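Engineer: Take a look at the following structure, please.
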Amino acid sequence: MSLEIATDGPGFAVDEDVETLGEKFVLPPFLEAQRSKIVANLKPID
C-alpha cells in the first residue's frame, strides 16, 4: 500500500529519498502519537 499526504511546500523529497518515496507510512512528528488510530482507519485503494 502506498499513500502520501503532504502540505504545500517544502515538498515530498525533503524528508525521504526520492528513490524510496511511498514505501513507508510517514507522519509528521506532531501526529506520531496518533499513528495507531490513523493507521487503523486507513482503507486499501483498489
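Convention: chains lettered A, B, ... in C-alpha cells order; per-chain residue numbering from 1; ligands numbered from 1 as shown.
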Quick one: DSSP helix (DSSP H, G or I) residues in chain A, as a ChimeraX atom specification?

Structural biologist: /A:12-14,18-20,29-40

Engineer: Convert the current residue selection to file output with all heavy atoms, as a compact mmCIF listing (two decimals), in the first residue's frame.

Structural biologist:
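That gives us again-v8.txt:
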```txt
# COMPACT_ATOMS: atom_id res chain seq x y z
N PHE A 12 7.72 16.75 -1.23
CA PHE A 12 7.79 15.34 -0.81
C PHE A 12 9.20 14.86 -0.50
O PHE A 12 9.39 14.03 0.37
CB PHE A 12 7.21 14.44 -1.91
CG PHE A 12 5.74 14.62 -2.12
CD1 PHE A 12 5.26 15.21 -3.26
CD2 PHE A 12 4.84 14.16 -1.18
CE1 PHE A 12 3.90 15.36 -3.47
CE2 PHE A 12 3.48 14.31 -1.37
CZ PHE A 12 3.00 14.91 -2.52
N ALA A 13 10.18 15.33 -1.21
CA ALA A 13 11.53 14.77 -1.10
C ALA A 13 12.40 15.45 -0.04
O ALA A 13 13.60 15.25 -0.01
CB ALA A 13 12.22 14.84 -2.45
N VAL A 14 11.80 16.20 0.85
CA VAL A 14 12.59 16.87 1.90
C VAL A 14 13.00 15.89 2.99
O VAL A 14 14.13 15.93 3.47
CB VAL A 14 11.79 18.05 2.50
CG1 VAL A 14 12.49 18.63 3.70
CG2 VAL A 14 11.59 19.12 1.44
N VAL A 18 14.05 10.32 -2.85
CA VAL A 18 13.16 10.19 -4.00
C VAL A 18 13.02 8.73 -4.41
O VAL A 18 11.93 8.28 -4.77
CB VAL A 18 13.67 11.05 -5.19
CG1 VAL A 18 12.83 10.82 -6.43
CG2 VAL A 18 13.67 12.52 -4.82
N GLU A 19 14.09 7.96 -4.31
CA GLU A 19 14.07 6.56 -4.74
C GLU A 19 13.15 5.69 -3.89
O GLU A 19 12.73 4.63 -4.33
CB GLU A 19 15.49 5.96 -4.71
CG GLU A 19 16.46 6.61 -5.67
CD GLU A 19 17.05 7.92 -5.15
OE1 GLU A 19 17.10 8.13 -3.91
OE2 GLU A 19 17.44 8.75 -5.96
N THR A 20 12.86 6.10 -2.67
CA THR A 20 12.05 5.27 -1.78
C THR A 20 10.72 5.93 -1.38
O THR A 20 10.05 5.43 -0.48
CB THR A 20 12.84 4.91 -0.51
OG1 THR A 20 13.23 6.11 0.16
CG2 THR A 20 14.06 4.07 -0.85
N PRO A 29 5.94 14.68 12.98
CA PRO A 29 6.13 14.40 14.41
C PRO A 29 4.90 14.69 15.28
O PRO A 29 4.61 13.93 16.21
CB PRO A 29 7.29 15.31 14.80
CG PRO A 29 8.07 15.47 13.53
CD PRO A 29 7.04 15.49 12.43
N PHE A 30 4.15 15.73 14.96
CA PHE A 30 3.00 16.07 15.81
C PHE A 30 1.85 15.06 15.70
O PHE A 30 0.95 15.06 16.54
CB PHE A 30 2.51 17.50 15.53
CG PHE A 30 1.82 17.68 14.20
CD1 PHE A 30 0.44 17.55 14.09
CD2 PHE A 30 2.54 18.01 13.07
CE1 PHE A 30 -0.20 17.73 12.87
CE2 PHE A 30 1.92 18.20 11.86
CZ PHE A 30 0.54 18.06 11.76
N LEU A 31 1.90 14.16 14.71
CA LEU A 31 0.86 13.13 14.57
C LEU A 31 1.33 11.74 15.00
O LEU A 31 0.53 10.81 15.04
CB LEU A 31 0.37 13.07 13.12
CG LEU A 31 -0.46 14.25 12.64
CD1 LEU A 31 -0.79 14.10 11.16
CD2 LEU A 31 -1.74 14.37 13.45
N GLU A 32 2.58 11.58 15.33
CA GLU A 32 3.10 10.25 15.70
C GLU A 32 2.36 9.63 16.87
O GLU A 32 2.15 8.43 16.90
CB GLU A 32 4.60 10.32 15.99
CG GLU A 32 5.45 10.29 14.77
CD GLU A 32 5.32 9.02 13.93
OE1 GLU A 32 4.94 7.95 14.45
OE2 GLU A 32 5.61 9.10 12.73
N ALA A 33 1.93 10.43 17.82
CA ALA A 33 1.21 9.89 18.98
C ALA A 33 -0.14 9.28 18.57
O ALA A 33 -0.69 8.46 19.30
CB ALA A 33 0.99 10.99 20.02
N GLN A 34 -0.64 9.65 17.39
CA GLN A 34 -1.93 9.15 16.91
C GLN A 34 -1.76 8.11 15.81
O GLN A 34 -2.73 7.70 15.17
CB GLN A 34 -2.76 10.31 16.37
CG GLN A 34 -3.08 11.35 17.44
CD GLN A 34 -3.82 12.52 16.84
OE1 GLN A 34 -4.79 12.35 16.12
NE2 GLN A 34 -3.33 13.71 17.13
N ARG A 35 -0.53 7.64 15.59
CA ARG A 35 -0.23 6.70 14.49
C ARG A 35 -1.17 5.49 14.48
O ARG A 35 -1.75 5.16 13.45
CB ARG A 35 1.22 6.22 14.56
CG ARG A 35 1.55 5.18 13.50
CD ARG A 35 3.00 4.77 13.54
NE ARG A 35 3.85 5.76 12.92
CZ ARG A 35 4.05 5.85 11.61
NH1 ARG A 35 3.48 5.02 10.78
NH2 ARG A 35 4.82 6.79 11.12
N SER A 36 -1.34 4.80 15.59
CA SER A 36 -2.15 3.58 15.59
C SER A 36 -3.60 3.88 15.21
O SER A 36 -4.23 3.11 14.47
CB SER A 36 -2.08 2.86 16.93
OG SER A 36 -2.55 3.69 17.96
N LYS A 37 -4.14 4.97 15.67
CA LYS A 37 -5.51 5.36 15.33
C LYS A 37 -5.63 5.70 13.84
O LYS A 37 -6.59 5.30 13.18
CB LYS A 37 -5.92 6.57 16.18
CG LYS A 37 -7.33 7.02 16.00
CD LYS A 37 -7.55 8.30 16.77
CE LYS A 37 -8.77 8.21 17.64
NZ LYS A 37 -9.06 9.45 18.36
N ILE A 38 -4.67 6.42 13.31
CA ILE A 38 -4.68 6.80 11.91
C ILE A 38 -4.55 5.57 11.02
O ILE A 38 -5.34 5.37 10.09
CB ILE A 38 -3.55 7.82 11.60
CG1 ILE A 38 -3.85 9.14 12.32
CG2 ILE A 38 -3.40 8.04 10.10
CD1 ILE A 38 -2.67 10.12 12.33
N VAL A 39 -3.60 4.72 11.31
CA VAL A 39 -3.36 3.52 10.51
C VAL A 39 -4.57 2.59 10.56
O VAL A 39 -4.96 2.00 9.54
CB VAL A 39 -2.07 2.79 10.96
CG1 VAL A 39 -1.93 1.43 10.29
CG2 VAL A 39 -0.85 3.66 10.66
N ALA A 40 -5.20 2.47 11.71
CA ALA A 40 -6.36 1.60 11.86
C ALA A 40 -7.54 2.05 10.99
O ALA A 40 -8.39 1.24 10.62
CB ALA A 40 -6.80 1.55 13.32
```
